[in-house]
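Q: Sending over start.cif (mmCIF, C-alpha atoms).
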data_coords
#
loop_
_atom_site.label_atom_id
_atom_site.label_comp_id
_atom_site.auth_asym_id
_atom_site.auth_seq_id
_atom_site.Cartn_x
_atom_site.Cartn_y
_atom_site.Cartn_z
CA SER A 226 -8.16 -8.79 -0.54
CA ASP A 227 -11.77 -7.81 -1.08
CA LEU A 228 -12.64 -5.94 -4.29
CA PRO A 229 -16.40 -5.75 -4.81
CA GLY A 230 -17.33 -5.75 -8.47
CA GLN A 231 -14.08 -7.40 -9.56
CA LYS A 232 -13.95 -11.03 -10.68
CA LEU A 233 -11.64 -13.04 -8.42
CA LEU A 234 -9.79 -15.57 -10.55
CA PHE A 235 -7.87 -17.32 -7.77
CA ARG A 236 -5.98 -16.81 -4.53
CA GLY A 237 -2.38 -17.97 -4.56
CA LYS A 238 -0.08 -18.45 -1.62
CA VAL A 239 0.60 -14.72 -1.38
CA ARG A 240 -1.22 -13.03 -4.28
CA ASP A 241 -4.86 -12.65 -5.26
CA VAL A 242 -5.57 -12.41 -8.99
CA TYR A 243 -8.59 -10.67 -10.50
CA ASP A 244 -9.76 -10.99 -14.12
CA LEU A 245 -10.22 -7.59 -15.77
CA GLY A 246 -11.22 -9.08 -19.10
CA ASP A 247 -8.32 -7.82 -21.20
CA ALA A 248 -5.81 -7.95 -18.35
CA LEU A 249 -5.26 -9.19 -14.80
CA LEU A 250 -5.05 -7.32 -11.52
CA ILE A 251 -2.54 -8.90 -9.15
CA VAL A 252 -2.80 -7.94 -5.49
CA ALA A 253 0.15 -8.73 -3.21
CA THR A 254 -1.38 -9.50 0.18
CA ASP A 255 0.34 -9.59 3.56
CA ARG A 256 0.12 -13.38 3.66
CA LEU A 257 3.37 -15.23 4.24
CA SER A 258 4.22 -18.66 2.89
CA ALA A 259 6.93 -20.82 4.42
CA PHE A 260 7.77 -24.38 3.41
CA ASP A 261 4.92 -24.00 0.88
CA VAL A 262 2.37 -23.48 3.66
CA VAL A 263 0.45 -20.22 4.02
CA LEU A 264 0.78 -19.15 7.64
CA PRO A 265 -2.18 -17.81 9.62
CA THR A 266 -0.31 -14.67 10.70
CA PRO A 267 0.14 -11.83 8.18
CA ILE A 268 3.14 -9.50 7.96
CA PRO A 269 1.54 -6.00 7.89
CA GLY A 270 2.75 -3.93 4.91
CA LYS A 271 4.60 -6.82 3.30
CA GLY A 272 2.51 -6.75 0.12
CA GLU A 273 3.35 -3.12 -0.56
CA ILE A 274 7.07 -3.76 -0.03
CA LEU A 275 7.04 -6.76 -2.38
CA THR A 276 5.22 -4.81 -5.08
CA GLN A 277 7.57 -1.81 -4.88
CA LEU A 278 10.70 -3.97 -5.00
CA SER A 279 9.42 -6.22 -7.78
CA ASN A 280 8.42 -3.21 -9.88
CA PHE A 281 11.88 -1.75 -9.36
CA TRP A 282 13.52 -4.91 -10.69
CA PHE A 283 11.10 -5.22 -13.62
CA ALA A 284 12.08 -1.72 -14.70
CA LYS A 285 15.80 -2.18 -14.09
CA LEU A 286 15.98 -5.49 -15.98
CA ALA A 287 13.57 -4.57 -18.78
CA SER A 288 16.36 -4.75 -21.37
CA ALA A 289 17.21 -8.29 -20.27
CA SER A 290 13.66 -9.62 -20.54
CA PRO A 291 10.19 -8.37 -21.40
CA ASN A 292 7.72 -8.62 -18.54
CA HIS A 293 3.97 -8.71 -18.08
CA LEU A 294 3.48 -5.19 -16.66
CA THR A 295 1.11 -3.09 -18.75
CA GLY A 296 1.89 0.28 -17.19
CA ARG A 297 -1.81 0.91 -16.56
CA PRO A 298 -2.40 2.63 -13.21
CA VAL A 299 -4.30 0.57 -10.66
CA ARG A 300 -6.59 3.54 -10.10
CA SER A 301 -7.75 3.24 -13.72
CA VAL A 302 -9.38 -0.12 -12.94
CA LEU A 303 -10.52 0.56 -9.38
CA ASN A 304 -13.08 3.32 -9.67
CA ASP A 305 -13.75 3.53 -5.93
CA GLU A 306 -11.18 5.96 -4.50
CA SER A 307 -11.15 4.31 -1.07
CA LEU A 308 -10.34 0.95 -2.68
CA ALA A 309 -7.72 2.55 -4.91
CA ALA A 310 -6.05 4.13 -1.89
CA ARG A 311 -5.94 0.78 -0.10
CA TYR A 312 -4.70 -1.31 -3.02
CA ALA A 313 -2.75 0.94 -5.39
CA ASP A 314 0.64 0.38 -3.72
CA ARG A 315 0.26 -3.39 -3.49
CA SER A 316 -1.23 -4.11 -6.92
CA VAL A 317 -0.26 -4.19 -10.60
CA VAL A 318 -2.20 -4.48 -13.84
CA VAL A 319 -0.57 -7.12 -16.04
CA ALA A 320 -1.10 -8.73 -19.42
CA LYS A 321 -2.59 -12.21 -19.61
CA ALA A 322 0.25 -14.65 -20.22
CA GLU A 323 0.15 -18.44 -20.30
CA PRO A 324 2.32 -19.48 -17.31
CA LEU A 325 4.91 -22.18 -17.84
CA LYS A 326 4.40 -25.16 -15.54
CA VAL A 327 7.89 -25.06 -14.02
CA GLU A 328 9.71 -22.56 -11.85
CA ALA A 329 13.09 -21.21 -12.94
CA ILE A 330 15.53 -21.22 -10.03
CA VAL A 331 19.09 -19.94 -10.24
CA ARG A 332 21.57 -20.70 -7.47
CA GLY A 333 24.88 -18.95 -6.98
CA TYR A 334 25.51 -20.28 -3.48
CA LEU A 335 24.84 -23.57 -1.72
CA ALA A 336 21.81 -23.17 0.56
CA GLY A 337 18.28 -24.37 1.24
CA SER A 338 16.98 -27.42 -0.59
CA GLY A 339 20.07 -27.36 -2.81
CA LEU A 340 22.28 -27.89 0.23
CA ILE A 341 20.13 -30.80 1.42
CA GLU A 342 20.32 -32.51 -1.98
CA TYR A 343 24.05 -31.86 -2.30
CA ARG A 344 24.73 -33.50 1.06
CA GLU A 345 22.76 -36.56 -0.05
CA LYS A 346 23.89 -36.88 -3.67
CA GLY A 347 26.73 -34.47 -4.36
CA SER A 348 24.56 -32.73 -6.92
CA VAL A 349 21.66 -30.28 -7.24
CA SER A 350 18.89 -31.04 -9.73
CA GLY A 351 21.18 -33.55 -11.39
CA ILE A 352 24.07 -31.07 -11.74
CA ALA A 353 27.22 -32.53 -10.18
CA LEU A 354 29.10 -30.12 -7.92
CA PRO A 355 32.66 -30.29 -6.58
CA PRO A 356 33.08 -32.35 -3.40
CA GLY A 357 33.68 -30.70 -0.05
CA LEU A 358 31.46 -27.67 -0.48
CA ARG A 359 30.18 -26.10 2.73
CA GLU A 360 26.89 -24.46 3.51
CA ALA A 361 26.71 -21.00 1.91
CA ASP A 362 29.78 -21.62 -0.27
CA ARG A 363 29.76 -19.72 -3.55
CA LEU A 364 29.38 -22.12 -6.45
CA PRO A 365 32.00 -22.22 -9.21
CA ALA A 366 29.32 -20.75 -11.50
CA PRO A 367 25.58 -20.08 -11.10
CA ILE A 368 23.40 -23.08 -11.92
CA PHE A 369 19.88 -23.34 -13.29
CA THR A 370 17.80 -25.75 -11.21
CA PRO A 371 14.13 -25.93 -12.26
CA SER A 372 11.40 -27.08 -9.92
CA THR A 373 7.82 -28.18 -10.16
CA LYS A 374 5.13 -25.58 -9.60
CA ALA A 375 3.14 -27.15 -6.80
CA PRO A 376 -0.49 -26.28 -6.02
CA ARG A 377 -1.17 -24.39 -2.82
CA GLY A 378 -0.71 -26.63 0.21
CA THR A 379 1.80 -28.94 -1.49
CA HIS A 380 5.55 -28.73 -1.92
CA ASP A 381 7.63 -27.72 -4.94
CA GLU A 382 10.23 -30.31 -5.92
CA ASN A 383 13.62 -29.78 -7.54
CA ILE A 384 13.79 -31.62 -10.85
CA SER A 385 16.43 -32.15 -13.51
CA PHE A 386 16.63 -30.11 -16.71
CA ASP A 387 15.47 -33.15 -18.70
CA ALA A 388 12.45 -33.67 -16.44
CA ALA A 389 11.49 -30.02 -16.77
CA ALA A 390 11.95 -30.18 -20.55
CA ARG A 391 9.43 -32.99 -20.70
CA ILE A 392 6.91 -30.65 -19.04
CA VAL A 393 7.41 -27.45 -21.08
CA GLY A 394 9.52 -28.50 -24.06
CA GLY A 395 13.27 -28.53 -24.56
CA SER A 396 13.64 -25.43 -26.75
CA ILE A 397 11.53 -23.29 -24.43
CA LEU A 398 13.45 -24.49 -21.40
CA GLU A 399 16.77 -23.70 -23.09
CA GLU A 400 15.54 -20.14 -23.53
CA VAL A 401 14.28 -20.02 -19.94
CA ARG A 402 17.68 -21.17 -18.67
CA ALA A 403 19.61 -18.62 -20.72
CA ARG A 404 17.25 -15.81 -19.74
CA SER A 405 17.29 -16.77 -16.06
CA LEU A 406 21.08 -16.92 -15.84
CA SER A 407 21.39 -13.56 -17.61
CA LEU A 408 18.87 -11.93 -15.27
CA TYR A 409 20.60 -13.42 -12.24
CA LYS A 410 24.00 -12.12 -13.39
CA GLU A 411 22.69 -8.56 -13.75
CA ALA A 412 20.85 -8.71 -10.44
CA VAL A 413 23.93 -10.06 -8.63
CA ALA A 414 26.06 -7.17 -9.87
CA TRP A 415 23.51 -4.58 -8.72
CA ALA A 416 22.92 -6.23 -5.34
CA GLU A 417 26.64 -6.55 -4.64
CA SER A 418 27.07 -2.83 -5.35
CA ARG A 419 24.53 -2.34 -2.54
CA GLY A 420 26.37 -4.64 -0.15
CA ILE A 421 24.03 -7.58 -0.64
CA LEU A 422 24.71 -11.11 -1.92
CA LEU A 423 21.98 -12.73 -4.02
CA ALA A 424 22.35 -16.36 -3.00
CA ASP A 425 19.55 -17.73 -5.16
CA THR A 426 16.29 -16.64 -6.70
CA LYS A 427 13.17 -17.90 -8.46
CA PHE A 428 11.82 -16.55 -11.74
CA GLU A 429 8.51 -17.40 -13.32
CA PHE A 430 7.87 -17.14 -17.05
CA GLY A 431 4.89 -17.28 -19.31
CA LEU A 432 4.14 -17.04 -23.01
CA LEU A 433 2.64 -13.78 -24.21
CA GLY A 434 1.91 -13.70 -27.92
CA GLY A 435 4.25 -16.66 -28.26
CA ASN A 436 7.10 -14.74 -26.61
CA LEU A 437 8.81 -15.73 -23.37
CA THR A 438 7.86 -13.16 -20.74
CA LEU A 439 8.70 -12.61 -17.06
CA ILE A 440 5.61 -12.86 -14.87
CA ASP A 441 4.55 -12.88 -11.21
CA GLU A 442 7.24 -11.16 -9.10
CA ILE A 443 11.02 -11.01 -9.32
CA LEU A 444 13.88 -10.67 -6.87
CA THR A 445 11.94 -10.01 -3.70
CA PRO A 446 12.61 -11.44 -0.23
CA ASP A 447 9.78 -13.90 -0.91
CA SER A 448 11.44 -15.33 -4.00
CA SER A 449 15.14 -14.87 -3.21
CA ARG A 450 17.81 -15.32 -0.57
CA PHE A 451 19.55 -12.03 0.14
CA TRP A 452 22.57 -12.03 2.46
CA PRO A 453 24.58 -9.05 3.75
CA ALA A 454 28.00 -9.06 2.07
CA ALA A 455 29.63 -7.67 5.19
CA GLY A 456 30.57 -10.54 7.45
CA TYR A 457 29.86 -13.24 4.87
CA THR A 458 31.56 -16.42 6.04
CA PRO A 459 30.59 -19.79 4.50
CA GLY A 460 30.27 -22.91 6.58
CA HIS A 461 27.03 -22.03 8.32
CA SER A 462 23.68 -20.31 7.80
CA GLN A 463 23.96 -16.62 6.91
CA PRO A 464 21.98 -13.67 8.25
CA SER A 465 19.43 -12.71 5.60
CA PHE A 466 17.05 -10.05 4.33
CA ASP A 467 14.23 -12.51 3.75
CA LYS A 468 11.88 -14.62 5.87
CA GLN A 469 14.70 -16.50 7.59
CA PHE A 470 13.42 -15.34 11.00
CA VAL A 471 10.19 -17.16 10.17
CA ARG A 472 11.96 -20.29 8.89
CA ASP A 473 14.18 -20.43 11.99
CA PHE A 474 11.17 -20.06 14.28
CA LEU A 475 9.25 -22.79 12.45
CA LEU A 476 12.23 -25.15 12.48
CA SER A 477 12.41 -24.74 16.27
CA LEU A 478 8.91 -26.19 16.57
CA LYS A 479 7.62 -29.72 16.35
CA TRP A 480 5.71 -28.96 13.16
CA ASN A 481 5.39 -31.36 10.24
CA LYS A 482 5.35 -28.59 7.60
CA GLN A 483 1.76 -29.37 6.73
CA PRO A 484 -1.25 -27.02 7.00
CA PRO A 485 -2.29 -25.41 9.21
CA GLY A 486 0.84 -23.44 9.95
CA PRO A 487 1.73 -22.13 13.42
CA VAL A 488 0.87 -18.63 14.58
CA LEU A 489 3.87 -16.29 14.50
CA PRO A 490 4.87 -14.36 17.63
CA HIS A 491 5.04 -10.57 17.45
CA ASP A 492 8.83 -10.48 17.69
CA VAL A 493 9.23 -12.69 14.61
CA ILE A 494 6.73 -10.53 12.69
CA ARG A 495 8.57 -7.33 13.67
CA LYS A 496 12.02 -8.62 12.74
CA THR A 497 10.82 -10.07 9.44
CA LEU A 498 9.13 -6.83 8.41
CA ALA A 499 12.23 -4.85 9.32
CA LYS A 500 14.37 -7.05 7.06
CA TYR A 501 11.92 -6.70 4.17
CA ARG A 502 12.01 -2.93 4.54
CA GLU A 503 15.80 -2.87 4.70
CA ALA A 504 16.01 -4.95 1.52
CA LEU A 505 13.74 -2.48 -0.27
CA GLU A 506 15.71 0.53 0.94
CA ARG A 507 19.12 -0.86 0.07
CA LEU A 508 18.27 -2.42 -3.28
CA SER A 509 15.96 0.17 -4.83
CA ARG A 510 17.74 3.38 -3.89
#
Represent the supplied structure as structure tokens.
A:
Amino acid sequence: SDLPGQKLLFRGKVRDVYDLGDALLIVATDRLSAFDVVLPTPIPGKGEILTQLSNFWFAKLASASPNHLTGRPVRSVLNDESLAARYADRSVVVAKAEPLKVEAIVRGYLAGSGLIEYREKGSVSGIALPPGLREADRLPAPIFTPSTKAPRGTHDENISFDAAARIVGGSILEEVRARSLSLYKEAVAWAESRGILLADTKFEFGLLGGNLTLIDEILTPDSSRFWPAAGYTPGHSQPSFDKQFVRDFLLSLKWNKQPPGPVLPHDVIRKTLAKYREALERLSR
């Protein structure tokens, strides 16, 4: 993003954050991160899709958790109409919260890094799971598995509840866990009514006036695994509405998952964007 006259606070893996003084402007770019590496190839229109879907979920789950949205129109802080036209659909004005230094991950199915850990230890983030589970199996109950919040270019790591509590405090983490599981339960019910399984997701929280508040984005293809319910069969990788096309392409390469990332071919870009759009259409309508 390029916003002359606005103070750039930092560029994250996907989002650029500007300091408005009394608030922040968050711009969702078309950058794509995979295995915690920002890839050199953008996904055109992705930022707008993420913003629309995240805003939908913030509104739908507002009774389950307060969030950092202020409701101020982006055009009210971008006086240049050409800039407003370019950025209004991919940006939000949010309150300044103090981010917690852990990520709140909820898993309802066995996949991703949770599957890798389970195969090695029979547990995920220190939570023992029944033996004999297969890839993509539904867990007996959703589990809260916090992770570190790694700087750009490094990898997040799953950690135990106790390790996360040492970072943010036990009482706060208890509230984060309860809030995360409640949000996940509501989101699962809605997604399943739209023919989609929410395998796992990541929430981020901050403190706003001392109150626990949802921040960043929620329940988008960048922060969640969405699977079509039709044809769901555990025991192998599932088709998905997220960046699985990108992950599969990257895993087919001899790449060490360190920057710089590989350039994505057009076909992978096209298929990924189509899945993002389908997720938006099915979940927010």
Q: Using only C-alpha atoms, determine which residues lie at most 9 Å from stretch 467-483 of chain A, disregarding the query and same-chain residues fewer than 4 positions distant; provide the list as a list of chain:residue names.
A: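 Here the qualifying residues turn out to be A:Leu257, A:Ala259, A:Phe260, A:Asp261, A:Val262, A:Gly378, A:Thr379, A:Thr445, A:Pro446, A:Asp447, A:Ser448, A:Ser449, A:Arg450, A:Phe451, A:Trp452, A:Pro487, A:Leu489, A:Val493, A:Ile494, A:Lys496, A:Thr497, A:Leu498, A:Lys500, A:Tyr501, A:Ala504.
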Q: Pull the neighbourhood of (23.6, -28.8, -1.2) for me: all residues within 9 Å in file coordinates, counting only C-alpha atoms, as JSON, numbers by chain.
A: {"A": [335, 336, 337, 338, 339, 340, 341, 342, 343, 344, 345, 346, 347, 348, 349, 354, 358, 359, 360, 361]}
Q: List as a PDB file with C-alpha atoms, keeping the file's coordinate frame the protein and nucleic acid residues near stretch 301-311 of chain A, meaning an atom at most 10 Å away when all atoms listed in the file are counted, but skip any in the same chain fewer than 5 places from it.
A:
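Output below, filename result.pdb:
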ATOM      1  CA  SER A 226      -8.160  -8.790  -0.540  1.00  0.00           C
ATOM      2  CA  ASP A 227     -11.770  -7.810  -1.080  1.00  0.00           C
ATOM      3  CA  LEU A 228     -12.640  -5.940  -4.290  1.00  0.00           C
ATOM      4  CA  PRO A 229     -16.400  -5.750  -4.810  1.00  0.00           C
ATOM      5  CA  GLY A 230     -17.330  -5.750  -8.470  1.00  0.00           C
ATOM      6  CA  GLN A 231     -14.080  -7.400  -9.560  1.00  0.00           C
ATOM      7  CA  LEU A 245     -10.220  -7.590 -15.770  1.00  0.00           C
ATOM      8  CA  LEU A 250      -5.050  -7.320 -11.520  1.00  0.00           C
ATOM      9  CA  SER A 316      -1.230  -4.110  -6.920  1.00  0.00           C
ATOM     10  CA  VAL A 318      -2.200  -4.480 -13.840  1.00  0.00           C
TER      11      VAL A 318
END
Q: Leaving out stretch 283-292 of chain A and any residue of its chain fewer than 5 positions from it, which residues lie within 10 Å of it when counting only C-alpha atoms, given as number ranges by chain?
A: A: 278, 319-320, 322, 404-405, 407-409, 411-412, 415, 430-431, 433, 436-444, 509
Q: Quick one, how far is atom CA of A:Asp362 from atom CA of A:Tyr457?
A: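 Value for the atom CA of A:Asp362-atom CA of A:Tyr457 distance: 9.8 Å.
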Q: When distances are computed from only C-alpha atoms, which of A:Ala253, A:Val413, A:Val331, A:Leu264 shows the smallest separation from A:Glu429?
A: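 Looking only at the distances to A:Glu429, the closest residue turns out to be A:Val331.
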Q: Using all atoms listed in the file, find the one residue out of A:Val327, A:Val317, A:Ile392, A:Ala403 that sits nearest to A:Ser372.
A: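 Nearest to A:Ser372: A:Val327.
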Q: Identify which of the residues A:Tyr334, A:Gln463, A:Glu382, A:Asp492 lies closest to A:Leu423, counting only C-alpha atoms when measuring atom-to-atom distances.
A: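 Closest candidate: A:Tyr334.
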Q: Need the axis-aligned box for stretch 473-481 of chain A with 5 Å each side, so what are the centre and edges in Å to one decimal, as AutoDock Vina command-line options?
A:
--center_x 9.8 --center_y -25.7 --center_z 13.4 --size_x 18.8 --size_y 21.3 --size_z 16.3
Q: To one decimal place, how far is atom CA of A:Ala416 from atom CA of A:Ser462 in Å?
A: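 One can read the atom CA of A:Ala416 to atom CA of A:Ser462 distance as 19.3 Å.
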Q: Which one of A:Pro367, A:Thr254, A:Thr266, A:Pro459 sits closest to A:Val242 if you count only C-alpha atoms?
A: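 Counting only C-alpha atoms, the residue closest to A:Val242 is A:Thr254.
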Q: Calculated over only C-alpha atoms, which of the candidates A:Ile251, A:Leu294, A:Ile330, A:Ser350 has the smallest distance to A:Arg315?
A: A:Ile251
Q: What does the structure give for the distance between atom CA of A:Pro453 and atom CA of A:Gly351, in Å to one decimal?
A: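 According to the coordinates, atom CA of A:Pro453 and atom CA of A:Gly351 are separated by 29.0 Å.
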Q: When distances are computed from only C-alpha atoms, which of A:Ser396, A:Ala353, A:Asp255, A:Gly486 shows the smallest separation from A:Ile274?
A: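 Closest to A:Ile274, using only C-alpha atoms: A:Asp255.
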Q: Kindly resolve the PyMOL selection byres ((chain A and resi 390) around 12) on the present coordinates and return the residues as a PDB file with C-alpha atoms, in the coordinates of the input.
A:
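As a result, expr-v5.pdb now contains:
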ATOM      1  CA  LEU A 325       4.910 -22.180 -17.840  1.00  0.00           C
ATOM      2  CA  LYS A 326       4.400 -25.160 -15.540  1.00  0.00           C
ATOM      3  CA  VAL A 327       7.890 -25.060 -14.020  1.00  0.00           C
ATOM      4  CA  GLU A 328       9.710 -22.560 -11.850  1.00  0.00           C
ATOM      5  CA  ALA A 329      13.090 -21.210 -12.940  1.00  0.00           C
ATOM      6  CA  THR A 370      17.800 -25.750 -11.210  1.00  0.00           C
ATOM      7  CA  PRO A 371      14.130 -25.930 -12.260  1.00  0.00           C
ATOM      8  CA  SER A 372      11.400 -27.080  -9.920  1.00  0.00           C
ATOM      9  CA  THR A 373       7.820 -28.180 -10.160  1.00  0.00           C
ATOM     10  CA  ILE A 384      13.790 -31.620 -10.850  1.00  0.00           C
ATOM     11  CA  SER A 385      16.430 -32.150 -13.510  1.00  0.00           C
ATOM     12  CA  PHE A 386      16.630 -30.110 -16.710  1.00  0.00           C
ATOM     13  CA  ASP A 387      15.470 -33.150 -18.700  1.00  0.00           C
ATOM     14  CA  ALA A 388      12.450 -33.670 -16.440  1.00  0.00           C
ATOM     15  CA  ALA A 389      11.490 -30.020 -16.770  1.00  0.00           C
ATOM     16  CA  ARG A 391       9.430 -32.990 -20.700  1.00  0.00           C
ATOM     17  CA  ILE A 392       6.910 -30.650 -19.040  1.00  0.00           C
ATOM     18  CA  VAL A 393       7.410 -27.450 -21.080  1.00  0.00           C
ATOM     19  CA  GLY A 394       9.520 -28.500 -24.060  1.00  0.00           C
ATOM     20  CA  GLY A 395      13.270 -28.530 -24.560  1.00  0.00           C
ATOM     21  CA  SER A 396      13.640 -25.430 -26.750  1.00  0.00           C
ATOM     22  CA  ILE A 397      11.530 -23.290 -24.430  1.00  0.00           C
ATOM     23  CA  LEU A 398      13.450 -24.490 -21.400  1.00  0.00           C
ATOM     24  CA  GLU A 399      16.770 -23.700 -23.090  1.00  0.00           C
ATOM     25  CA  GLU A 400      15.540 -20.140 -23.530  1.00  0.00           C
ATOM     26  CA  VAL A 401      14.280 -20.020 -19.940  1.00  0.00           C
ATOM     27  CA  ARG A 402      17.680 -21.170 -18.670  1.00  0.00           C
TER      28      ARG A 402
END
